[in-house]
Structure formats: structure tokens, C-alpha cells
file protein_37.tsv (TSV, C-alpha atoms)
chain	number	residue	atom	x	y	z
A	1	MET	CA	0.00	0.00	0.00
A	2	LEU	CA	2.67	2.46	-1.10
A	3	PRO	CA	0.64	5.59	-1.90
A	4	PRO	CA	-0.90	5.90	1.62
A	5	ALA	CA	2.52	5.28	3.17
A	6	LEU	CA	3.93	8.13	1.11
A	7	SER	CA	1.14	10.48	2.13
A	8	ALA	CA	1.25	12.86	5.06
A	9	GLY	CA	-0.07	10.25	7.49
A	10	ALA	CA	-2.82	7.84	8.31
A	11	VAL	CA	-6.17	8.71	6.76
A	12	GLY	CA	-8.22	6.05	8.50
A	13	SER	CA	-11.21	6.51	10.75
A	14	ILE	CA	-9.12	7.38	13.81
A	15	ARG	CA	-7.87	10.53	12.09
A	16	ARG	CA	-11.39	11.87	12.46
A	17	THR	CA	-11.22	11.26	16.21
A	18	SER	CA	-9.90	13.84	18.69
A	19	ALA	CA	-6.63	13.22	20.54
A	20	VAL	CA	-8.46	12.86	23.86
A	21	ASP	CA	-10.91	10.37	22.38
A	22	THR	CA	-8.12	8.26	20.85
A	23	VAL	CA	-6.53	7.88	24.29
A	24	ARG	CA	-9.90	7.01	25.81
A	25	ALA	CA	-10.54	4.50	23.04
A	26	ARG	CA	-7.13	2.83	23.31
A	27	ILE	CA	-7.39	2.32	27.06
A	28	SER	CA	-11.01	1.19	26.88
A	29	LEU	CA	-10.31	-1.21	24.01
A	30	ALA	CA	-7.30	-2.64	25.87
A	31	ALA	CA	-9.57	-3.25	28.85
A	32	ASP	CA	-12.28	-4.82	26.66
A	33	LEU	CA	-9.72	-7.23	25.13
A	34	GLY	CA	-8.16	-8.20	28.46
A	35	LEU	CA	-4.81	-6.54	27.71
A	36	LEU	CA	-5.23	-4.53	30.89
A	37	SER	CA	-6.29	-6.42	34.01
A	38	PRO	CA	-9.01	-5.23	36.40
A	39	GLY	CA	-7.37	-3.28	39.19
A	40	GLU	CA	-4.10	-2.89	37.27
A	41	ARG	CA	-2.17	0.27	38.01
A	42	LEU	CA	-1.64	2.42	34.93
A	43	PRO	CA	1.64	4.24	34.22
A	44	THR	CA	2.00	7.90	35.12
A	45	ALA	CA	0.39	10.44	32.84
A	46	ALA	CA	3.85	11.47	31.63
A	47	ASP	CA	4.81	7.89	30.73
A	48	MET	CA	1.48	7.27	29.03
A	49	ALA	CA	1.83	10.49	27.05
A	50	ALA	CA	5.24	9.36	25.80
A	51	GLY	CA	4.03	5.84	25.06
A	52	LEU	CA	0.92	6.98	23.20
A	53	GLU	CA	2.66	9.97	21.59
A	54	VAL	CA	0.23	12.59	22.83
A	55	SER	CA	0.56	15.47	25.27
A	56	GLU	CA	0.37	14.93	29.01
A	57	ILE	CA	-2.67	17.23	29.28
A	58	THR	CA	-4.41	15.06	26.67
A	59	VAL	CA	-3.81	11.98	28.82
A	60	ARG	CA	-5.07	13.74	31.94
A	61	ARG	CA	-8.26	14.84	30.21
A	62	ALA	CA	-8.81	11.35	28.84
A	63	LEU	CA	-8.33	9.78	32.28
A	64	THR	CA	-10.79	12.23	33.82
A	65	GLU	CA	-13.42	11.22	31.27
A	66	LEU	CA	-12.63	7.52	31.72
A	67	GLN	CA	-13.05	7.95	35.46
A	68	ARG	CA	-16.49	9.46	34.91
A	69	ALA	CA	-17.37	6.47	32.71
A	70	GLY	CA	-16.22	4.03	35.39
A	71	VAL	CA	-13.36	2.59	33.32
A	72	VAL	CA	-10.60	3.78	35.66
A	73	GLU	CA	-10.34	4.70	39.31
A	74	ARG	CA	-8.00	7.31	40.77
A	75	SER	CA	-6.69	7.73	44.30
A	76	ARG	CA	-4.71	10.49	45.93
A	77	GLY	CA	-1.95	10.52	48.52
A	78	ARG	CA	0.88	8.12	49.15
A	79	GLY	CA	0.50	5.03	47.03
A	80	GLY	CA	-2.13	6.76	44.94
A	81	GLY	CA	-2.43	6.63	41.19
A	82	THR	CA	-4.72	5.59	38.37
A	83	TYR	CA	-6.02	2.02	38.16
A	84	LEU	CA	-8.24	0.14	35.79
A	85	ALA	CA	-11.57	-0.35	37.53
A	86	LYS	CA	-12.16	-3.74	39.11
A	87	ASN	CA	-15.18	-4.24	36.88
A	88	PRO	CA	-14.83	-1.79	33.99
A	89	PRO	CA	-17.88	-1.45	31.74
A	90	ARG	CA	-17.53	-2.84	28.24
A	91	ASP	CA	-17.93	-0.69	25.16
A	92	ALA	CA	-17.75	2.39	27.37
A	93	VAL	CA	-16.12	4.52	24.67
A	94	PRO	CA	-17.98	4.70	21.33
A	95	GLN	CA	-14.80	5.82	19.55
A	96	THR	CA	-13.38	2.28	19.77
A	97	ALA	CA	-15.51	1.67	16.67
A	98	ALA	CA	-13.06	3.81	14.69
A	99	TYR	CA	-10.24	1.41	15.53
A	100	ARG	CA	-12.29	-1.61	14.53
A	101	ALA	CA	-13.27	0.11	11.27
A	102	ASP	CA	-9.58	0.54	10.39
A	103	ALA	CA	-8.72	-3.17	10.70
A	104	ASP	CA	-7.84	-3.57	7.01
A	105	ARG	CA	-5.62	-0.52	7.11
A	106	VAL	CA	-3.76	-1.92	10.12
A	107	ARG	CA	-3.15	-5.20	8.30
A	108	GLN	CA	-1.72	-3.33	5.32
A	109	LEU	CA	0.57	-1.26	7.54
A	110	ILE	CA	1.86	-4.43	9.19
A	111	ASP	CA	2.72	-5.92	5.81
A	112	GLU	CA	4.42	-2.70	4.69
A	113	ARG	CA	6.53	-2.85	7.82
A	114	ARG	CA	7.39	-6.52	7.24
A	115	VAL	CA	8.75	-5.82	3.77
A	116	LEU	CA	10.71	-2.75	4.81
A	117	GLU	CA	12.24	-4.32	7.91
A	118	ALA	CA	13.19	-7.55	6.17
A	119	GLY	CA	15.15	-5.52	3.65
A	120	PHE	CA	16.76	-3.43	6.37
A	121	ALA	CA	17.81	-6.52	8.33
A	122	HIS	CA	19.29	-8.12	5.21
A	123	LEU	CA	21.34	-5.01	4.38
A	124	ALA	CA	22.29	-4.36	8.01
A	125	CYS	CA	24.17	-7.65	8.01
A	126	GLU	CA	26.51	-6.16	5.43
A	127	HIS	CA	26.78	-2.59	6.69
A	128	ARG	CA	26.38	-2.75	10.47
A	129	THR	CA	29.11	-1.44	12.74
A	130	GLU	CA	30.07	-2.23	16.31
A	131	ALA	CA	28.37	1.02	17.30
A	132	ASP	CA	25.15	-0.25	15.71
A	133	LEU	CA	25.34	-3.48	17.70
A	134	ALA	CA	26.03	-1.56	20.90
A	135	ALA	CA	22.99	0.63	20.29
A	136	MET	CA	20.84	-2.45	19.68
A	137	ASP	CA	22.13	-3.98	22.92
A	138	ALA	CA	21.30	-0.80	24.82
A	139	ALA	CA	17.75	-0.79	23.47
A	140	ILE	CA	17.28	-4.47	24.32
A	141	GLY	CA	18.56	-3.80	27.84
A	142	GLU	CA	16.20	-0.86	28.27
A	143	MET	CA	13.23	-2.99	27.24
A	144	ALA	CA	14.28	-5.83	29.55
A	145	ALA	CA	14.60	-3.50	32.54
A	146	THR	CA	11.34	-1.58	32.25
A	147	GLU	CA	8.12	-2.60	33.96
A	148	SER	CA	5.94	-0.20	31.99
A	149	TRP	CA	4.35	-0.78	28.59
A	150	ALA	CA	4.63	2.95	27.99
A	151	SER	CA	8.40	3.11	28.41
A	152	PHE	CA	8.94	-0.23	26.65
A	153	ARG	CA	7.86	1.39	23.41
A	154	ARG	CA	10.77	3.83	23.50
A	155	GLY	CA	13.29	1.00	23.54
A	156	ASP	CA	11.38	-0.91	20.88
A	157	GLU	CA	11.37	2.07	18.53
A	158	ALA	CA	15.06	2.73	19.19
A	159	PHE	CA	15.95	-0.87	18.34
A	160	HIS	CA	14.05	-1.04	15.08
A	161	LEU	CA	15.21	2.39	13.94
A	162	ARG	CA	18.82	1.39	14.62
A	163	VAL	CA	18.44	-1.73	12.47
A	164	ALA	CA	16.95	0.43	9.74
A	165	SER	CA	19.75	2.97	10.06
A	166	ALA	CA	22.39	0.23	9.94
A	167	ALA	CA	21.10	-0.79	6.50
A	168	GLY	CA	22.67	2.34	5.05
A	169	LEU	CA	19.60	3.55	3.14
A	170	SER	CA	19.07	6.94	4.72
A	171	ASN	CA	16.80	8.06	1.87
A	172	VAL	CA	14.27	5.36	2.80
A	173	LEU	CA	14.17	6.19	6.51
A	174	PRO	CA	11.49	8.92	6.19
A	175	LEU	CA	9.14	6.41	4.54
A	176	TYR	CA	9.87	3.87	7.27
A	177	ARG	CA	9.32	6.41	10.03
A	178	ARG	CA	5.92	7.32	8.58
A	179	THR	CA	4.93	3.67	8.41
A	180	LEU	CA	5.99	3.15	12.03
A	181	ALA	CA	4.15	6.27	13.18
A	182	ASP	CA	0.96	5.34	11.33
A	183	LEU	CA	1.04	1.80	12.73
A	184	HIS	CA	1.87	2.93	16.24
A	185	SER	CA	-1.24	5.09	16.32
A	186	TYR	CA	-3.17	1.79	16.50
A	187	PHE	CA	-1.14	0.17	19.28
A	188	LEU	CA	-2.80	-0.48	22.63
A	189	PRO	CA	-1.33	-0.97	26.10
A	190	TYR	CA	0.06	-4.51	26.48
A	191	PRO	CA	0.88	-6.73	29.47
A	192	ILE	CA	4.55	-6.19	30.28
A	193	ALA	CA	5.12	-9.97	30.47
A	194	TYR	CA	4.13	-10.27	26.81
A	195	LEU	CA	6.39	-7.39	25.85
A	196	HIS	CA	9.35	-8.89	27.69
A	197	GLU	CA	8.76	-12.15	25.83
A	198	SER	CA	8.71	-10.29	22.51
A	199	ASN	CA	12.04	-8.74	23.43
A	200	GLU	CA	13.63	-12.14	22.93
A	201	ASP	CA	12.89	-11.72	19.22
A	202	HIS	CA	15.06	-8.61	19.29
A	203	ARG	CA	17.95	-10.63	20.69
A	204	VAL	CA	17.59	-13.15	17.87
A	205	MET	CA	17.58	-10.37	15.28
A	206	ARG	CA	20.59	-8.67	16.83
A	207	ASP	CA	22.59	-11.90	16.97
A	208	ALA	CA	21.81	-12.71	13.33
A	209	ILE	CA	22.89	-9.23	12.26
A	210	ALA	CA	26.05	-9.53	14.37
A	211	ALA	CA	26.83	-12.84	12.63
A	212	ARG	CA	26.07	-11.26	9.25
A	213	ASP	CA	23.55	-14.04	8.60
A	214	ARG	CA	21.25	-12.33	6.10
A	215	VAL	CA	18.70	-15.13	5.81
A	216	ALA	CA	18.37	-15.59	9.57
A	217	ALA	CA	18.10	-11.84	10.17
A	218	ALA	CA	15.42	-11.32	7.53
A	219	ASP	CA	13.48	-14.40	8.68
A	220	ALA	CA	13.60	-13.27	12.31
A	221	VAL	CA	12.25	-9.82	11.59
A	222	MET	CA	9.58	-11.15	9.22
A	223	MET	CA	8.27	-13.49	11.92
A	224	HIS	CA	8.50	-10.78	14.58
A	225	VAL	CA	6.47	-8.25	12.61
A	226	ALA	CA	4.04	-10.85	11.20
A	227	ASP	CA	3.06	-11.70	14.78
A	228	LEU	CA	1.37	-8.29	14.94
A	229	HIS	CA	-1.44	-9.75	12.83
A	230	HIS	CA	-2.28	-11.89	15.87
A	231	SER	CA	-1.13	-9.78	18.82
A	232	MET	CA	-2.64	-6.43	17.85
A	233	TYR	CA	-6.31	-5.79	18.53
A	234	ILE	CA	-7.27	-6.88	15.00
A	235	GLY	CA	-6.31	-10.46	15.89
A	236	LEU	CA	-7.67	-10.63	19.43
A	237	ASN	CA	-11.04	-11.83	20.65
A	238	ARG	CA	-12.76	-10.22	23.58
A	239	PRO	CA	-12.76	-12.52	26.64
A	240	GLU	CA	-16.15	-13.58	27.91
call {"tool": "encode", "arguments": {"input": "protein_37.tsv", "output": "C-alpha cells"}}
result
Amino acid sequence: MLPPALSAGAVGSIRRTSAVDTVRARISLAADLGLLSPGERLPTAADMAAGLEVSEITVRRALTELQRAGVVERSRGRGGGTYLAKNPPRDAVPQTAAYRADADRVRQLIDERRVLEAGFAHLACEHRTEADLAAMDAAIGEMAATESWASFRRGDEAFHLRVASAAGLSNVLPLYRRTLADLHSYFLPYPIAYLHESNEDHRVMRDAIAARDRVAAADAVMMHVADLHHSMYIGLNRPE
């Protein structure tokens, strides 16, 4: 789907949804799909803003509205914070329909990313430097150490962008960044245990690139990205 990827950004249904409503929808949809557990403590507003790529005030407004809808609970004082409600109502945010309506677009973005990253991994085997490997190791370590889905995304983005950069095709990076940004706008909060497990894929990719094994590197990244067809909301069923 090259023309949309070359455009200014995603043009799906969510682009007609306000920033506050997209945050509300992503948290509500994650709760509906069981990605967030009842009573689970949410990251700070600052971390969520970074993870969802919105402003902190947008997150705060979204959380206030989610509290009114009974999706989250907030407490003050020592040990306070924002938690998913113990029994959050389902379908509490109508704007989740925009995400479901964009399912085909998400699938296309995943496949665009698969093709781009497989090529990057293949070429990175030839052009990577020790500095590239060190940067990949740092990103993997950051992801392994964090306990927040919001901060995990920073390490994940750093890893994949470093692989792309190591390929030596700087003129293609703007296209790749747009694809990543468009796809990320559909990501939901994930259980940190799942994210830590996915980090093992990064180690496999890094080791294949370090060994200059082009086939193994391309295969590893293809499998890693293809899993998004099953792990993103488009491939998940709502628990009963």
C-alpha cells in the first residue's frame, strides 16, 4: 500500500477522532480485550503520554473522562495513582468503533513494515558497525529492565530504527518512520510480560545481524512483525 505510506499520514477513521478520544478508546479497548487487568495500576500520565505519543494534558483529560465512565479509578496521597476499575464497563467509549473500522488498514501497515524491515535486516548484516550493535544492545537492555508498557515502546522504537539505520539507506528512513508512526497510532497498552517475551525476538535479530547471517536476520524480523497480525487488537477476541 505504497501511496498511503507516502502520504502525510494515516487517513483512516481514527484521524477523524480527537486526541483525547483516541486515548480514551485505546485504554477502553485494551480493557475490553483483556490486555489490561481489572485493578491494574496504569503508568503515570507522563509515561502514558510518551508511550501513546500525545501530550500529558491530553492523557489527563482522557483519564478524567474515563473515570467518569467508570473505566478507571483514581486515588490520591501516598501510594495513589490511576487504576483500571475492578469491573470496567464494556464498550464504554464509542470511539473504539473507529479502531475496529480501520482493521484492514492496520493489516496493510503491518505488511508494509514486514517488507521494509526484512530488507533493512538483510542489508544491516553487510553494513552494520560495532556502534550499531552496541545501540541495539542498549535498546534491548532498556526494554528488559522496564516494567511499563509505555516506556517499553521507547526501547522498541530505538531498536528497530537502529536496524533500519544500519542498513545504510538513509533516503528510505522517512518512509519507514511514517509507516511506524501510522502503525503505532493503533497500538494499545500490552501486558509487560508479553512485551518482555517479545524482546527475545530482538535478541535473535541482533545476533543474526552480528553474525552477518542475512537469511536468519530477515526471517527473524519477518516473523516478529508478522506476529502483529495476531497480537494487535485486530487479531484478538474479547474474553467472555
call {"tool": "residues_around", "arguments": {"input": "protein_37.tsv", "residues": "stretch 203-215 of chain A", "least_positions_apart": "5", "cutoff": "7 Å", "atoms": "only C-alpha atoms", "output": "ChimeraX atom specification"}}
result
/A:121-122,124-126,133,136,220-221
call {"tool": "closest_residue", "arguments": {"input": "protein_37.tsv", "among": "A:Arg15, A:Arg105, A:Arg154, A:Arg24", "to": "A:Glu65", "atoms": "all atoms listed in the file"}}
result
A:Arg24
call {"tool": "closest_residue", "arguments": {"input": "protein_37.tsv", "among": "A:Arg26, A:Arg238, A:Arg177, A:Arg153", "to": "A:His196", "atoms": "only C-alpha atoms"}}
result
A:Arg153
call {"tool": "atom_distance", "arguments": {"input": "protein_37.tsv", "atom1": "atom CA of A:Leu116", "atom2": "atom CA of A:Met223"}}
result
13.1 Å
call {"tool": "residues_around", "arguments": {"input": "protein_37.tsv", "residues": "A:Tyr233", "least_positions_apart": "5", "cutoff": "8 Å", "atoms": "only C-alpha atoms", "output": "list in words"}}
result
Leu33, Phe187 and Leu188 of chain A
call {"tool": "residues_around", "arguments": {"input": "protein_37.tsv", "residues": "A:His202", "least_positions_apart": "4", "cutoff": "8 Å", "atoms": "only C-alpha atoms", "output": "PyMOL selection string"}}
result
chain A and resi 140+159+198+206
call {"tool": "write_last_selection", "arguments": {"input": "protein_37.tsv", "atoms": "C-alpha atoms", "output": "PDB file, keeping the file's coordinate frame"}}
result
ATOM      1  CA  ILE A 140      17.280  -4.470  24.320  1.00  0.00           C
ATOM      2  CA  PHE A 159      15.950  -0.870  18.340  1.00  0.00           C
ATOM      3  CA  SER A 198       8.710 -10.290  22.510  1.00  0.00           C
ATOM      4  CA  ARG A 206      20.590  -8.670  16.830  1.00  0.00           C
TER       5      ARG A 206
END
call {"tool": "residues_around", "arguments": {"input": "protein_37.tsv", "residues": "A:Glu73", "least_positions_apart": "3", "cutoff": "7 Å", "atoms": "only C-alpha atoms", "output": "VMD selection string"}}
result
chain A and resid 67 82 to 85
call {"tool": "closest_residue", "arguments": {"input": "protein_37.tsv", "among": "A:Gly51, A:Pro43, A:Gly79, A:Gly34", "to": "A:Leu63", "atoms": "all atoms listed in the file"}}
result
A:Pro43
call {"tool": "closest_residue", "arguments": {"input": "protein_37.tsv", "among": "A:Pro38, A:Phe120, A:Ala31, A:Ala92", "to": "A:Ser170", "atoms": "only C-alpha atoms"}}
result
A:Phe120
call {"tool": "atom_distance", "arguments": {"input": "protein_37.tsv", "atom1": "atom CA of A:Gly168", "atom2": "atom CA of A:Ala150"}}
result
29.2 Å
call {"tool": "residues_around", "arguments": {"input": "protein_37.tsv", "residues": "A:Val20", "least_positions_apart": "4", "cutoff": "7 Å", "atoms": "only C-alpha atoms", "output": "VMD selection string"}}
result
chain A and resid 24 58 to 59 61 to 62
call {"tool": "closest_residue", "arguments": {"input": "protein_37.tsv", "among": "A:Gly39, A:Pro189, A:Gly81, A:Gly235", "to": "A:Trp149", "atoms": "all atoms listed in the file"}}
result
A:Pro189
call {"tool": "closest_residue", "arguments": {"input": "protein_37.tsv", "among": "A:Val71, A:Ala217, A:Gln108, A:Tyr194", "to": "A:Leu123", "atoms": "all atoms listed in the file"}}
result
A:Ala217
call {"tool": "atom_distance", "arguments": {"input": "protein_37.tsv", "atom1": "atom CA of A:Glu157", "atom2": "atom CA of A:Leu195"}}
result
13.0 Å
call {"tool": "build_atoms", "arguments": {"input": "protein_37.tsv", "residues": "stretch 202-224 of chain A", "atoms": "N, CA and C atoms", "output": "JSON list (two decimals), in the coordinates of the input"}}
result
[["chain", "number", "residue", "atom", "x", "y", "z"],
["A", 202, "HIS", "N", 14.04, -9.62, 19.59],
["A", 202, "HIS", "CA", 15.06, -8.61, 19.29],
["A", 202, "HIS", "C", 16.47, -9.19, 19.46],
["A", 203, "ARG", "N", 16.63, -10.02, 20.47],
["A", 203, "ARG", "CA", 17.95, -10.63, 20.69],
["A", 203, "ARG", "C", 18.32, -11.54, 19.51],
["A", 204, "VAL", "N", 17.34, -12.27, 19.02],
["A", 204, "VAL", "CA", 17.59, -13.15, 17.87],
["A", 204, "VAL", "C", 17.98, -12.32, 16.65],
["A", 205, "MET", "N", 17.26, -11.24, 16.41],
["A", 205, "MET", "CA", 17.58, -10.37, 15.28],
["A", 205, "MET", "C", 18.98, -9.78, 15.41],
["A", 206, "ARG", "N", 19.28, -9.29, 16.59],
["A", 206, "ARG", "CA", 20.59, -8.67, 16.83],
["A", 206, "ARG", "C", 21.70, -9.67, 16.60],
["A", 207, "ASP", "N", 21.54, -10.89, 17.12],
["A", 207, "ASP", "CA", 22.59, -11.90, 16.97],
["A", 207, "ASP", "C", 22.78, -12.29, 15.51],
["A", 208, "ALA", "N", 21.69, -12.37, 14.75],
["A", 208, "ALA", "CA", 21.81, -12.71, 13.33],
["A", 208, "ALA", "C", 22.52, -11.60, 12.57],
["A", 209, "ILE", "N", 22.22, -10.36, 12.91],
["A", 209, "ILE", "CA", 22.89, -9.23, 12.26],
["A", 209, "ILE", "C", 24.36, -9.21, 12.65],
["A", 210, "ALA", "N", 24.65, -9.49, 13.92],
["A", 210, "ALA", "CA", 26.05, -9.53, 14.37],
["A", 210, "ALA", "C", 26.84, -10.60, 13.62],
["A", 211, "ALA", "N", 26.18, -11.74, 13.34],
["A", 211, "ALA", "CA", 26.83, -12.84, 12.63],
["A", 211, "ALA", "C", 26.82, -12.65, 11.12],
["A", 212, "ARG", "N", 26.21, -11.57, 10.67],
["A", 212, "ARG", "CA", 26.07, -11.26, 9.25],
["A", 212, "ARG", "C", 25.34, -12.38, 8.50],
["A", 213, "ASP", "N", 24.36, -12.97, 9.18],
["A", 213, "ASP", "CA", 23.55, -14.04, 8.60],
["A", 213, "ASP", "C", 22.29, -13.40, 8.01],
["A", 214, "ARG", "N", 22.33, -13.08, 6.73],
["A", 214, "ARG", "CA", 21.25, -12.33, 6.10],
["A", 214, "ARG", "C", 19.92, -13.06, 6.14],
["A", 215, "VAL", "N", 19.95, -14.36, 5.85],
["A", 215, "VAL", "CA", 18.70, -15.13, 5.81],
["A", 215, "VAL", "C", 18.08, -15.19, 7.20],
["A", 216, "ALA", "N", 18.89, -15.49, 8.21],
["A", 216, "ALA", "CA", 18.37, -15.59, 9.57],
["A", 216, "ALA", "C", 17.84, -14.25, 10.06],
["A", 217, "ALA", "N", 18.53, -13.17, 9.73],
["A", 217, "ALA", "CA", 18.10, -11.84, 10.17],
["A", 217, "ALA", "C", 16.77, -11.46, 9.53],
["A", 218, "ALA", "N", 16.66, -11.66, 8.22],
["A", 218, "ALA", "CA", 15.42, -11.32, 7.53],
["A", 218, "ALA", "C", 14.27, -12.20, 8.00],
["A", 219, "ASP", "N", 14.52, -13.50, 8.19],
["A", 219, "ASP", "CA", 13.48, -14.40, 8.68],
["A", 219, "ASP", "C", 13.00, -13.99, 10.07],
["A", 220, "ALA", "N", 13.95, -13.63, 10.93],
["A", 220, "ALA", "CA", 13.60, -13.27, 12.31],
["A", 220, "ALA", "C", 12.71, -12.04, 12.35],
["A", 221, "VAL", "N", 13.06, -11.04, 11.56],
["A", 221, "VAL", "CA", 12.25, -9.82, 11.59],
["A", 221, "VAL", "C", 10.90, -10.03, 10.91],
["A", 222, "MET", "N", 10.86, -10.86, 9.88],
["A", 222, "MET", "CA", 9.58, -11.15, 9.22],
["A", 222, "MET", "C", 8.62, -11.83, 10.18],
["A", 223, "MET", "N", 9.12, -12.79, 10.95],
["A", 223, "MET", "CA", 8.27, -13.49, 11.92],
["A", 223, "MET", "C", 7.84, -12.55, 13.04],
["A", 224, "HIS", "N", 8.78, -11.71, 13.49],
["A", 224, "HIS", "CA", 8.50, -10.78, 14.58],
["A", 224, "HIS", "C", 7.38, -9.82, 14.20]]
